[in-house]
Protein chains: 2
Amino acid sequence: MNNNILIDGLEYVNWTRDLFEKAHAGGLTAIHTTLVYWEDTKESFDKIDYWDNLIQSNSDILVHVKTSSDILEAKKANKIGIIYGFQNSAPIANDIFLVEKFFNRGLRFMQLTYNNQTPLAGGCYEKHDSGVSRFGEMVIEEMNRLGMIVDLSHAGKQTCLDAINFSKKPVAISHANPSSFHQSIRNIDDKVLKQLANKNGFIGLSLYPYHLKNHGDCKLEDFSEMIKQLINMMGEDSIGIGSDLCMNWPDSVVMWMRNGKWTKKIDYGESKDKNASWPKPVSWYSKPEDLSGLISGMISNGINEKIAHKIAGKNWLNFMESHF
Amino acid sequence: MNNNILIDGLEYVNWTRDLFEKAHAGGLTAIHTTLVYWEDTKESFDKIDYWDNLIQSNSDILVHVKTSSDILEAKKANKIGIIYGFQNSAPIANDIFLVEKFFNRGLRFMQLTYNNQTPLAGGCYEKHDSGVSRFGEMVIEEMNRLGMIVDLSHAGKQTCLDAINFSKKPVAISHANPSSFHQSIRNIDDKVLKQLANKNGFIGLSLYPYHLKNHGDCKLEDFSEMIKQLINMMGEDSIGIGSDLCMNWPDSVVMWMRNGKWTKKIDYGESKDKNASWPKPVSWYSKPEDLSGLISGMISNGINEKIAHKIAGKNWLNFMESHF
């Protein structure tokens, strides 16, 4: 156990006891973990049951955290704090009352969209982004009231601008990179990033290969250079890591993430060569415990030590403190 | 029993045996009846069970029709043919495979939206209409394949234009009037109507008071004048009646239709004076069997007799024949 606060702002890992032990040994303080993508209401409550049980079964090293002070308590107790999140609003369907029901089960992050349009907002893959709909505004108000973080990952540009502007509490893009670093449907353009910073919003930087320059061959040096430019644009407090680390899943899962049940054809997402497999991760971030090594990596690439520590966890903690 | 084909292209009635008997005595050939607005998948299958049972319980005068030849058979057997429809796509959530499952249970009309945005398209009450989304295109293709009518009532303008253009089979606006007759969020502007006609689409004219000039005081003379102008614009084959007759429901139902579970505030729909009650119907169309009287009403207001009969049912039948 070390004294660093290490928070990964988004992971989707098919956990085993062994993987949890390694993450624990690697000093992870907290992980925002994705529970669902396309699941409906019932399936989403079932996933929460599954995760409650998973944490219970590993309660010597894990704890489900619902407040930022829970995260600090977890740290003291030498456990990894698990934060629940949904990468879509499919679980709430058209029902505003479900937001609180999921909140009461511990949900602390919810995306308005996952690539496609939802009743709330426009997805990043749509030809025309509606922006935030009238139901979307109701849901954002409700999330603000409860203290659930509005996550704009996988949203369209207009939706990002609308939500940043409409939300009374700062919003997050939990896992993406600047488009200026790498042009990708999922990455975020400077106009949005500047608006985000103006409203005290937050971005978690992604290590998902399709979000990186040179994909799985991206150099830590280039990633660090991106961070330096982003600090210059957004300030040192608004940036964290949301690795989007996807680990230990069969290829069928990446195809399911892309296709859900919304198409009978095959959609390959950002894979231009129609690759139906998981993309190869960068060598320097292929497992949860690599977050610790990223600190020294950032420092050796010229990022101020204090800032590197903030990016690796403290910033996320501060941001979460303003919500829950 | 008479020889007229009388088809109401949309009704939402809280039926009793007495009401069915009156509609039957009034010579109704077929009614497209709304089963759901905001219901989710499970609730929608339950509504189909409810309707299957309702028709079974009144099988001396009703029959569930699944093809246009079923409608002619119903006519011969002196029964009213009931056509199932959904006024929203909430039942299919994000699942393309549910379209066929509902089709197999007899669903023949489905709206892409009900006022609000859905994963498929934009609603008429949204500030920004996305048009048809990528999931929406998949669903339209699937509806085309199966023979389920794409209904654009309650959709936004861009969604109407996109769907008219994208659908390989002609689409319908089952219940609305031209905006040129009465300015209303739900009514349809001329650009859309002309496109609709160009692509062999169909409109069912509405008797819902908020869609009428002078609301519940609208004169049959004015309604007939609108029809004459519309015949001039769209041709005599593309027009029917979709009365949107809502009957025998408590006021709580109109509020539920407007609000579903998408808002905790109260939305009053098109009621500018925030009326939480059902609007008063016009005296000349307050019950299903008034469709018969509308024929003579149209004729006495100068509509050609043959055309009046087409509008009262034959046009709908022809349109349905091109789908199922």
# chains A, B, ... in the order shown; residues from 1 in each chain; ligands from 1
$ interface_residues --of "chain B" --to "chain A" --cutoff "9 Å" --atoms "only C-alpha atoms" --output "PyMOL selection string"
chain B and resi 38+40+90+93-97+116-122+125-135+138-139+260-265
$ write_last_selection --atoms "N, CA and C atoms" --output "compact mmCIF listing (two decimals), in the first residue's frame"
# COMPACT_ATOMS: atom_id res chain seq x y z
N TRP B 38 -46.59 4.72 -23.88
CA TRP B 38 -45.30 4.78 -23.18
C TRP B 38 -44.87 3.43 -22.63
N ASP B 40 -43.48 -0.19 -21.81
CA ASP B 40 -42.24 -0.89 -22.18
C ASP B 40 -42.59 -2.24 -22.82
N ALA B 90 -41.42 2.94 -27.92
CA ALA B 90 -40.94 2.51 -26.59
C ALA B 90 -40.97 0.99 -26.43
N ALA B 93 -37.79 -0.67 -27.46
CA ALA B 93 -36.59 -0.20 -26.76
C ALA B 93 -35.43 -0.08 -27.75
N ASN B 94 -34.36 -0.85 -27.57
CA ASN B 94 -33.22 -0.80 -28.49
C ASN B 94 -33.04 -2.10 -29.25
N ASP B 95 -34.12 -2.83 -29.42
CA ASP B 95 -34.01 -4.22 -29.89
C ASP B 95 -34.74 -4.41 -31.22
N ILE B 96 -33.97 -4.48 -32.30
CA ILE B 96 -34.53 -4.65 -33.63
C ILE B 96 -35.33 -5.95 -33.76
N PHE B 97 -34.95 -6.95 -33.00
CA PHE B 97 -35.61 -8.25 -33.10
C PHE B 97 -37.03 -8.24 -32.54
N ASN B 116 -41.95 13.02 -28.01
CA ASN B 116 -40.55 13.15 -27.58
C ASN B 116 -39.61 12.37 -28.48
N GLN B 117 -38.34 12.68 -28.35
CA GLN B 117 -37.31 11.93 -29.05
C GLN B 117 -37.28 10.47 -28.58
N THR B 118 -36.96 9.59 -29.50
CA THR B 118 -36.73 8.18 -29.17
C THR B 118 -35.37 7.76 -29.75
N PRO B 119 -34.94 6.55 -29.49
CA PRO B 119 -33.71 6.09 -30.16
C PRO B 119 -33.83 6.06 -31.68
N LEU B 120 -35.06 6.13 -32.20
CA LEU B 120 -35.29 6.00 -33.64
C LEU B 120 -35.36 7.34 -34.37
N ALA B 121 -35.85 8.37 -33.67
CA ALA B 121 -36.19 9.58 -34.41
C ALA B 121 -36.55 10.72 -33.45
N GLY B 122 -36.90 11.87 -34.06
CA GLY B 122 -37.23 13.05 -33.27
C GLY B 122 -38.73 13.26 -33.17
N TYR B 125 -42.49 17.57 -30.41
CA TYR B 125 -42.36 18.54 -29.32
C TYR B 125 -40.91 18.90 -29.01
N GLU B 126 -39.95 18.28 -29.66
CA GLU B 126 -38.55 18.58 -29.37
C GLU B 126 -38.11 19.89 -30.01
N LYS B 127 -37.22 20.60 -29.33
CA LYS B 127 -36.63 21.83 -29.90
C LYS B 127 -35.85 21.49 -31.17
N HIS B 128 -35.08 20.39 -31.12
CA HIS B 128 -34.27 20.01 -32.27
C HIS B 128 -34.63 18.58 -32.67
N ASP B 129 -35.10 18.45 -33.88
CA ASP B 129 -35.49 17.13 -34.38
C ASP B 129 -34.28 16.52 -35.07
N SER B 130 -33.84 15.38 -34.57
CA SER B 130 -32.67 14.69 -35.12
C SER B 130 -32.91 14.15 -36.52
N GLY B 131 -34.18 14.00 -36.89
CA GLY B 131 -34.47 13.16 -38.06
C GLY B 131 -34.35 11.70 -37.66
N VAL B 132 -34.37 10.83 -38.66
CA VAL B 132 -34.30 9.38 -38.39
C VAL B 132 -32.86 9.00 -38.04
N SER B 133 -32.69 8.32 -36.94
CA SER B 133 -31.36 7.91 -36.47
C SER B 133 -30.90 6.65 -37.19
N ARG B 134 -29.70 6.17 -36.85
CA ARG B 134 -29.25 4.95 -37.53
C ARG B 134 -30.05 3.73 -37.08
N PHE B 135 -30.45 3.69 -35.81
CA PHE B 135 -31.35 2.61 -35.38
C PHE B 135 -32.70 2.77 -36.07
N MET B 138 -32.70 1.21 -39.40
CA MET B 138 -32.77 -0.26 -39.30
C MET B 138 -34.21 -0.71 -39.05
N VAL B 139 -34.89 0.02 -38.18
CA VAL B 139 -36.27 -0.36 -37.83
C VAL B 139 -37.20 -0.15 -39.02
N GLY B 260 -46.44 10.53 -19.50
CA GLY B 260 -45.81 9.22 -19.32
C GLY B 260 -45.12 9.20 -17.98
N LYS B 261 -43.87 8.75 -17.99
CA LYS B 261 -43.03 8.86 -16.79
C LYS B 261 -41.77 9.67 -17.10
N TRP B 262 -41.86 10.48 -18.18
CA TRP B 262 -40.63 11.18 -18.59
C TRP B 262 -40.40 12.47 -17.83
N THR B 263 -41.38 12.96 -17.10
CA THR B 263 -41.20 14.21 -16.37
C THR B 263 -41.90 14.13 -15.02
N LYS B 264 -41.29 14.80 -14.04
CA LYS B 264 -41.94 14.92 -12.73
C LYS B 264 -42.78 16.18 -12.67
N LYS B 265 -42.52 17.09 -13.62
CA LYS B 265 -43.34 18.29 -13.72
C LYS B 265 -44.59 17.93 -14.52
$ residues_around --residues "Gly216 of chain A" --least-positions-apart "6" --cutoff "7 Å" --atoms "only C-alpha atoms" --output "number ranges by chain"
A: 209, 280-282
$ select_by_dssp --residues "segment 23-201 of chain A" --states "strand (DSSP E or B)" --output "ChimeraX atom specification"
/A:30-36,62-64,80-86,107-111,114,116,123,149-151,155,172-173,178,188
$ residues_around --residues "Lys310 of chain B" --least-positions-apart "3" --cutoff "10 Å" --atoms "only C-alpha atoms" --output "number ranges by chain"
B: 4-7, 236-241, 295, 304-307, 313-318
$ write_last_selection --atoms "N, CA and C atoms" --output "short mmCIF file (atom, residue, chain, number, x, y, z; two decimals), in the first residue's frame"
data_model
loop_
_atom_site.label_atom_id
_atom_site.label_comp_id
_atom_site.auth_asym_id
_atom_site.auth_seq_id
_atom_site.Cartn_x
_atom_site.Cartn_y
_atom_site.Cartn_z
N ASN B 4 -70.81 0.12 -47.45
CA ASN B 4 -69.68 1.05 -47.36
C ASN B 4 -68.50 0.40 -46.64
N ILE B 5 -67.32 0.74 -47.09
CA ILE B 5 -66.11 0.40 -46.34
C ILE B 5 -65.82 1.60 -45.45
N LEU B 6 -65.92 1.39 -44.15
CA LEU B 6 -65.68 2.48 -43.19
C LEU B 6 -64.49 2.10 -42.31
N ILE B 7 -63.41 2.81 -42.49
CA ILE B 7 -62.21 2.50 -41.70
C ILE B 7 -61.74 3.75 -40.97
N GLU B 236 -56.77 12.42 -54.56
CA GLU B 236 -57.91 11.86 -53.81
C GLU B 236 -57.67 10.49 -53.21
N ASP B 237 -56.50 9.91 -53.50
CA ASP B 237 -56.25 8.53 -53.04
C ASP B 237 -55.46 8.45 -51.73
N SER B 238 -54.90 9.57 -51.32
CA SER B 238 -53.92 9.54 -50.22
C SER B 238 -54.50 9.99 -48.89
N ILE B 239 -55.83 10.14 -48.85
CA ILE B 239 -56.46 10.75 -47.70
C ILE B 239 -57.51 9.82 -47.10
N GLY B 240 -57.48 9.71 -45.77
CA GLY B 240 -58.51 8.95 -45.07
C GLY B 240 -58.85 9.67 -43.78
N ILE B 241 -59.51 8.96 -42.92
CA ILE B 241 -59.82 9.50 -41.60
C ILE B 241 -59.03 8.71 -40.55
N ILE B 295 -69.72 10.71 -44.05
CA ILE B 295 -69.81 10.58 -45.52
C ILE B 295 -70.87 11.56 -46.06
N ASN B 304 -67.30 15.37 -53.67
CA ASN B 304 -67.81 14.36 -54.60
C ASN B 304 -68.12 13.06 -53.86
N GLU B 305 -69.25 12.47 -54.19
CA GLU B 305 -69.73 11.30 -53.44
C GLU B 305 -68.74 10.14 -53.45
N LYS B 306 -68.21 9.89 -54.63
CA LYS B 306 -67.25 8.78 -54.76
C LYS B 306 -66.01 9.05 -53.89
N ILE B 307 -65.55 10.28 -53.93
CA ILE B 307 -64.36 10.62 -53.15
C ILE B 307 -64.66 10.53 -51.65
N GLY B 313 -62.96 5.20 -46.06
CA GLY B 313 -62.50 3.83 -45.83
C GLY B 313 -61.74 3.17 -46.96
N LYS B 314 -62.21 3.38 -48.20
CA LYS B 314 -61.59 2.63 -49.31
C LYS B 314 -60.12 2.98 -49.51
N ASN B 315 -59.80 4.25 -49.30
CA ASN B 315 -58.39 4.65 -49.46
C ASN B 315 -57.50 3.96 -48.43
N TRP B 316 -57.96 3.92 -47.20
CA TRP B 316 -57.18 3.22 -46.16
C TRP B 316 -56.98 1.76 -46.56
N LEU B 317 -58.06 1.14 -47.03
CA LEU B 317 -57.97 -0.28 -47.40
C LEU B 317 -56.93 -0.48 -48.51
N ASN B 318 -56.98 0.38 -49.52
CA ASN B 318 -55.99 0.28 -50.60
C ASN B 318 -54.57 0.48 -50.09
#
$ residues_around --residues "Ile149 of chain A" --least-positions-apart "5" --cutoff "7 Å" --atoms "only C-alpha atoms" --output "ChimeraX atom specification"
/A:108-110,143,171-172,323
$ residues_around --residues "Lys194 of chain B" --least-positions-apart "6" --cutoff "12 Å" --atoms "only C-alpha atoms" --output "CSV table (one decimal) with N, CA and C atoms, in the first residue's frame"
chain,number,residue,atom,x,y,z
B,160,CYS,N,-40.2,13.3,-40.3
B,160,CYS,CA,-41.1,13.0,-41.4
B,160,CYS,C,-40.4,13.0,-42.8
B,161,LEU,N,-39.7,14.0,-43.0
B,161,LEU,CA,-39.0,14.1,-44.4
B,161,LEU,C,-38.0,12.9,-44.5
B,164,ILE,N,-40.1,9.5,-44.9
B,164,ILE,CA,-40.8,9.5,-46.2
B,164,ILE,C,-39.7,9.1,-47.3
B,165,ASN,N,-38.6,9.7,-47.2
B,165,ASN,CA,-37.5,9.5,-48.2
B,165,ASN,C,-36.9,8.1,-48.0
B,178,PRO,N,-53.5,19.2,-41.9
B,178,PRO,CA,-52.5,20.2,-42.4
B,178,PRO,C,-52.4,21.4,-41.5
B,188,ILE,N,-49.3,19.1,-39.7
B,188,ILE,CA,-48.3,18.8,-40.7
B,188,ILE,C,-48.2,19.9,-41.7
B,200,ASN,N,-46.4,8.4,-52.5
B,200,ASN,CA,-47.5,7.5,-52.3
B,200,ASN,C,-47.9,7.3,-50.8
B,201,GLY,N,-47.5,8.2,-50.0
B,201,GLY,CA,-47.8,8.1,-48.6
B,201,GLY,C,-49.3,8.5,-48.3
B,202,PHE,N,-49.7,8.5,-47.0
B,202,PHE,CA,-51.1,8.6,-46.7
B,202,PHE,C,-51.2,9.4,-45.4
B,203,ILE,N,-52.3,10.2,-45.4
B,203,ILE,CA,-52.7,10.9,-44.1
B,203,ILE,C,-54.1,10.6,-43.7
B,230,LEU,N,-57.0,19.8,-49.6
B,230,LEU,CA,-56.0,18.7,-49.4
B,230,LEU,C,-56.0,17.8,-50.6
B,231,ILE,N,-57.2,17.5,-51.1
B,231,ILE,CA,-57.4,16.7,-52.3
B,231,ILE,C,-56.7,17.3,-53.5
B,232,ASN,N,-56.8,18.7,-53.5
B,232,ASN,CA,-56.1,19.4,-54.6
B,232,ASN,C,-54.6,19.3,-54.5
B,233,MET,N,-54.1,19.2,-53.2
B,233,MET,CA,-52.6,19.1,-53.0
B,233,MET,C,-52.1,17.7,-53.2
B,234,MET,N,-52.8,16.8,-52.6
B,234,MET,CA,-52.3,15.4,-52.5
B,234,MET,C,-52.9,14.4,-53.4
B,235,GLY,N,-54.0,14.7,-54.0
B,235,GLY,CA,-54.8,13.8,-54.8
B,235,GLY,C,-55.8,13.0,-53.9
B,238,SER,N,-54.9,9.6,-51.3
B,238,SER,CA,-53.9,9.5,-50.2
B,238,SER,C,-54.5,10.0,-48.9
$ select_by_dssp --residues "segment 79-195 of chain A" --states "helix (DSSP H, G or I)" --output "MDAnalysis selection string"
chainID A and resid 90:92 97:104 134:146 157:166 190:195
$ write_last_selection --atoms "N, CA and C atoms" --output "short mmCIF file (atom, residue, chain, number, x, y, z; two decimals), in the first residue's frame"
data_model
loop_
_atom_site.label_atom_id
_atom_site.label_comp_id
_atom_site.auth_asym_id
_atom_site.auth_seq_id
_atom_site.Cartn_x
_atom_site.Cartn_y
_atom_site.Cartn_z
N ALA A 90 -30.02 3.45 -21.56
CA ALA A 90 -31.01 2.40 -21.85
C ALA A 90 -31.69 1.88 -20.58
N PRO A 91 -30.95 1.74 -19.47
CA PRO A 91 -31.60 1.20 -18.26
C PRO A 91 -32.79 2.02 -17.76
N ILE A 92 -32.77 3.33 -17.98
CA ILE A 92 -33.91 4.12 -17.47
C ILE A 92 -35.03 4.23 -18.50
N PHE A 97 -38.25 8.27 -12.93
CA PHE A 97 -38.23 7.76 -11.56
C PHE A 97 -37.17 6.67 -11.36
N LEU A 98 -36.74 6.07 -12.46
CA LEU A 98 -35.70 5.04 -12.35
C LEU A 98 -34.34 5.62 -12.00
N VAL A 99 -34.12 6.90 -12.27
CA VAL A 99 -32.82 7.50 -11.96
C VAL A 99 -32.55 7.36 -10.46
N GLU A 100 -33.53 7.71 -9.66
CA GLU A 100 -33.33 7.61 -8.21
C GLU A 100 -33.25 6.16 -7.74
N LYS A 101 -34.03 5.30 -8.40
CA LYS A 101 -33.97 3.88 -8.00
C LYS A 101 -32.57 3.30 -8.25
N PHE A 102 -31.97 3.68 -9.37
CA PHE A 102 -30.60 3.21 -9.63
C PHE A 102 -29.60 3.92 -8.70
N PHE A 103 -29.84 5.20 -8.45
CA PHE A 103 -28.96 5.92 -7.52
C PHE A 103 -28.96 5.23 -6.16
N ASN A 104 -30.14 4.84 -5.73
CA ASN A 104 -30.25 4.19 -4.42
C ASN A 104 -29.56 2.83 -4.38
N ARG A 134 -35.91 17.04 -24.42
CA ARG A 134 -36.60 17.53 -23.23
C ARG A 134 -36.60 16.50 -22.11
N PHE A 135 -36.66 15.22 -22.44
CA PHE A 135 -36.49 14.19 -21.41
C PHE A 135 -35.05 14.25 -20.86
N GLY A 136 -34.09 14.47 -21.76
CA GLY A 136 -32.69 14.58 -21.34
C GLY A 136 -32.49 15.67 -20.30
N GLU A 137 -33.15 16.80 -20.49
CA GLU A 137 -33.03 17.88 -19.51
C GLU A 137 -33.61 17.46 -18.16
N MET A 138 -34.73 16.77 -18.21
CA MET A 138 -35.33 16.30 -16.95
C MET A 138 -34.38 15.35 -16.22
N VAL A 139 -33.75 14.48 -16.99
CA VAL A 139 -32.84 13.50 -16.38
C VAL A 139 -31.61 14.19 -15.81
N ILE A 140 -31.07 15.16 -16.53
CA ILE A 140 -29.90 15.89 -16.01
C ILE A 140 -30.26 16.60 -14.71
N GLU A 141 -31.42 17.23 -14.68
CA GLU A 141 -31.86 17.89 -13.42
C GLU A 141 -31.93 16.88 -12.28
N GLU A 142 -32.47 15.71 -12.60
CA GLU A 142 -32.61 14.68 -11.58
C GLU A 142 -31.24 14.16 -11.12
N MET A 143 -30.33 13.97 -12.07
CA MET A 143 -28.97 13.52 -11.72
C MET A 143 -28.28 14.57 -10.86
N ASN A 144 -28.45 15.83 -11.22
CA ASN A 144 -27.88 16.94 -10.43
C ASN A 144 -28.41 16.89 -9.00
N ARG A 145 -29.72 16.72 -8.90
CA ARG A 145 -30.36 16.71 -7.58
C ARG A 145 -29.81 15.58 -6.71
N LEU A 146 -29.62 14.41 -7.34
CA LEU A 146 -29.22 13.24 -6.56
C LEU A 146 -27.72 13.22 -6.28
N LYS A 157 -21.38 15.99 -30.43
CA LYS A 157 -20.82 17.29 -30.07
C LYS A 157 -21.90 18.24 -29.52
N GLN A 158 -23.04 18.31 -30.21
CA GLN A 158 -24.08 19.23 -29.75
C GLN A 158 -24.62 18.80 -28.39
N THR A 159 -24.72 17.51 -28.20
CA THR A 159 -25.16 16.99 -26.89
C THR A 159 -24.17 17.40 -25.80
N CYS A 160 -22.88 17.30 -26.10
CA CYS A 160 -21.87 17.72 -25.12
C CYS A 160 -22.08 19.20 -24.78
N LEU A 161 -22.19 20.03 -25.80
CA LEU A 161 -22.32 21.48 -25.55
C LEU A 161 -23.60 21.77 -24.77
N ASP A 162 -24.69 21.14 -25.16
CA ASP A 162 -25.97 21.37 -24.47
C ASP A 162 -25.89 20.94 -23.00
N ALA A 163 -25.34 19.77 -22.78
CA ALA A 163 -25.31 19.22 -21.41
C ALA A 163 -24.37 20.03 -20.52
N ILE A 164 -23.22 20.41 -21.07
CA ILE A 164 -22.27 21.24 -20.30
C ILE A 164 -22.97 22.52 -19.87
N ASN A 165 -23.72 23.08 -20.80
CA ASN A 165 -24.41 24.34 -20.55
C ASN A 165 -25.61 24.19 -19.61
N PHE A 166 -26.35 23.11 -19.78
CA PHE A 166 -27.61 22.94 -19.04
C PHE A 166 -27.40 22.45 -17.61
N ASP A 190 -11.83 20.70 -29.58
CA ASP A 190 -11.37 21.74 -28.65
C ASP A 190 -12.49 22.64 -28.16
N LYS A 191 -13.46 22.89 -29.01
CA LYS A 191 -14.56 23.77 -28.58
C LYS A 191 -15.27 23.18 -27.36
N VAL A 192 -15.51 21.89 -27.44
CA VAL A 192 -16.17 21.21 -26.32
C VAL A 192 -15.27 21.21 -25.09
N LEU A 193 -13.99 20.92 -25.29
CA LEU A 193 -13.07 20.85 -24.15
C LEU A 193 -12.97 22.20 -23.44
N LYS A 194 -12.95 23.28 -24.22
CA LYS A 194 -12.87 24.62 -23.62
C LYS A 194 -14.14 24.94 -22.83
N GLN A 195 -15.29 24.61 -23.41
CA GLN A 195 -16.56 24.81 -22.71
C GLN A 195 -16.60 23.99 -21.43
#
$ residues_around --residues "Leu220 of chain A" --least-positions-apart "5" --cutoff "9 Å" --atoms "only C-alpha atoms" --output "ChimeraX atom specification"
/A:225,282,284,294,297-298,301
$ write_last_selection --atoms "N, CA and C atoms" --output "PDB file, in the first residue's frame"
ATOM      1  N   GLU A 225       2.726  14.182 -24.078  1.00  0.00           N
ATOM      2  CA  GLU A 225       2.725  15.459 -24.787  1.00  0.00           C
ATOM      3  C   GLU A 225       1.283  15.982 -24.924  1.00  0.00           C
ATOM      4  N   VAL A 282      -1.898  -0.627 -25.555  1.00  0.00           N
ATOM      5  CA  VAL A 282      -0.502  -0.171 -25.481  1.00  0.00           C
ATOM      6  C   VAL A 282       0.220  -0.972 -24.407  1.00  0.00           C
ATOM      7  N   TRP A 284       2.257  -0.131 -22.237  1.00  0.00           N
ATOM      8  CA  TRP A 284       2.437   0.541 -20.941  1.00  0.00           C
ATOM      9  C   TRP A 284       1.119   0.780 -20.199  1.00  0.00           C
ATOM     10  N   LEU A 294       2.047   4.738 -14.633  1.00  0.00           N
ATOM     11  CA  LEU A 294       1.817   5.899 -15.492  1.00  0.00           C
ATOM     12  C   LEU A 294       2.302   7.191 -14.818  1.00  0.00           C
ATOM     13  N   GLY A 297       5.855   7.394 -15.472  1.00  0.00           N
ATOM     14  CA  GLY A 297       5.950   7.598 -16.920  1.00  0.00           C
ATOM     15  C   GLY A 297       5.677   9.040 -17.307  1.00  0.00           C
ATOM     16  N   MET A 298       4.638   9.629 -16.713  1.00  0.00           N
ATOM     17  CA  MET A 298       4.327  11.038 -17.019  1.00  0.00           C
ATOM     18  C   MET A 298       5.472  11.932 -16.549  1.00  0.00           C
ATOM     19  N   ASN A 301       8.418  11.931 -18.632  1.00  0.00           N
ATOM     20  CA  ASN A 301       8.163  12.623 -19.901  1.00  0.00           C
ATOM     21  C   ASN A 301       7.871  14.106 -19.693  1.00  0.00           C
TER      22      ASN A 301
END
$ atom_distance --atom1 "atom CA of Ser174 of chain B" --atom2 "atom CA of Gly204 of chain B"
4.5 Å
$ residues_around --residues "Ile61 of chain A" --least-positions-apart "2" --cutoff "12 Å" --atoms "only C-alpha atoms" --output "CSV table (one decimal) with N, CA and C atoms, in the first residue's frame"
chain,number,residue,atom,x,y,z
A,1,MET,N,0.8,-1.2,0.0
A,1,MET,CA,0.0,0.0,0.0
A,1,MET,C,0.9,1.3,0.0
A,17,ARG,N,-10.7,-13.2,-9.4
A,17,ARG,CA,-10.0,-13.0,-8.1
A,17,ARG,C,-8.6,-12.6,-8.3
A,18,ASP,N,-7.9,-13.3,-9.2
A,18,ASP,CA,-6.5,-13.0,-9.5
A,18,ASP,C,-6.4,-11.5,-10.0
A,19,LEU,N,-7.2,-11.1,-10.9
A,19,LEU,CA,-7.1,-9.7,-11.5
A,19,LEU,C,-7.4,-8.7,-10.4
A,20,PHE,N,-8.3,-9.0,-9.5
A,20,PHE,CA,-8.6,-8.1,-8.4
A,20,PHE,C,-7.3,-8.0,-7.5
A,21,GLU,N,-6.8,-9.1,-7.2
A,21,GLU,CA,-5.6,-9.1,-6.3
A,21,GLU,C,-4.4,-8.3,-6.9
A,22,LYS,N,-4.2,-8.5,-8.2
A,22,LYS,CA,-3.2,-7.7,-8.8
A,22,LYS,C,-3.4,-6.2,-8.8
A,23,ALA,N,-4.7,-5.8,-9.1
A,23,ALA,CA,-5.1,-4.4,-9.0
A,23,ALA,C,-4.9,-3.9,-7.6
A,24,HIS,N,-5.2,-4.7,-6.6
A,24,HIS,CA,-5.1,-4.3,-5.2
A,24,HIS,C,-3.6,-4.1,-4.9
A,25,ALA,N,-2.8,-5.1,-5.3
A,25,ALA,CA,-1.4,-5.0,-5.0
A,25,ALA,C,-0.8,-3.8,-5.7
A,26,GLY,N,-1.4,-3.5,-6.8
A,26,GLY,CA,-0.9,-2.4,-7.6
A,26,GLY,C,-1.3,-1.0,-7.0
A,27,GLY,N,-2.0,-1.0,-6.0
A,27,GLY,CA,-2.3,0.2,-5.3
A,27,GLY,C,-3.5,1.0,-5.8
A,28,LEU,N,-4.4,0.4,-6.5
A,28,LEU,CA,-5.6,1.2,-7.0
A,28,LEU,C,-6.4,1.6,-5.8
A,29,THR,N,-6.8,2.9,-5.8
A,29,THR,CA,-7.7,3.4,-4.8
A,29,THR,C,-9.1,3.2,-5.1
A,30,ALA,N,-9.5,3.5,-6.3
A,30,ALA,CA,-10.9,3.4,-6.8
A,30,ALA,C,-10.9,3.2,-8.3
A,54,LEU,N,-20.4,-9.8,-6.3
A,54,LEU,CA,-18.9,-9.9,-6.7
A,54,LEU,C,-18.1,-9.2,-5.6
A,55,ILE,N,-18.5,-8.0,-5.2
A,55,ILE,CA,-17.8,-7.2,-4.2
A,55,ILE,C,-17.9,-7.9,-2.8
A,56,GLN,N,-19.1,-8.4,-2.5
A,56,GLN,CA,-19.2,-9.2,-1.3
A,56,GLN,C,-18.3,-10.4,-1.2
A,57,SER,N,-18.1,-11.0,-2.4
A,57,SER,CA,-17.3,-12.2,-2.4
A,57,SER,C,-15.8,-11.9,-2.3
A,58,ASN,N,-15.5,-10.6,-2.5
A,58,ASN,CA,-14.1,-10.2,-2.4
A,58,ASN,C,-13.9,-9.1,-1.5
A,59,SER,N,-14.7,-9.1,-0.4
A,59,SER,CA,-14.8,-8.0,0.5
A,59,SER,C,-13.5,-7.7,1.3
A,63,VAL,N,-14.6,-2.7,-1.9
A,63,VAL,CA,-15.8,-2.2,-1.3
A,63,VAL,C,-16.5,-1.3,-2.3
A,64,HIS,N,-17.8,-1.4,-2.3
A,64,HIS,CA,-18.6,-0.6,-3.2
A,64,HIS,C,-18.7,0.8,-2.5
A,74,ALA,N,-12.1,3.6,2.1
A,74,ALA,CA,-11.6,2.4,1.4
A,74,ALA,C,-10.1,2.4,1.4
A,75,LYS,N,-9.6,3.6,1.1
A,75,LYS,CA,-8.1,3.7,1.1
A,75,LYS,C,-7.5,3.3,2.5
A,76,LYS,N,-8.1,3.9,3.5
A,76,LYS,CA,-7.6,3.6,4.9
A,76,LYS,C,-7.7,2.1,5.2
A,77,ALA,N,-8.8,1.5,4.7
A,77,ALA,CA,-9.0,0.1,5.0
A,77,ALA,C,-8.3,-0.8,4.0
A,78,ASN,N,-7.5,-0.2,3.2
A,78,ASN,CA,-6.7,-1.0,2.2
A,78,ASN,C,-7.5,-1.8,1.3
A,79,LYS,N,-8.6,-1.2,0.8
A,79,LYS,CA,-9.5,-1.9,-0.2
A,79,LYS,C,-9.6,-1.0,-1.4
A,80,ILE,N,-9.9,-1.6,-2.5
A,80,ILE,CA,-10.2,-0.8,-3.7
A,80,ILE,C,-11.7,-0.4,-3.7
A,81,GLY,N,-12.0,0.9,-3.9
A,81,GLY,CA,-13.3,1.3,-3.9
A,81,GLY,C,-13.9,1.1,-5.3
A,82,ILE,N,-15.0,0.5,-5.4
A,82,ILE,CA,-15.7,0.3,-6.7
A,82,ILE,C,-16.9,1.3,-6.9
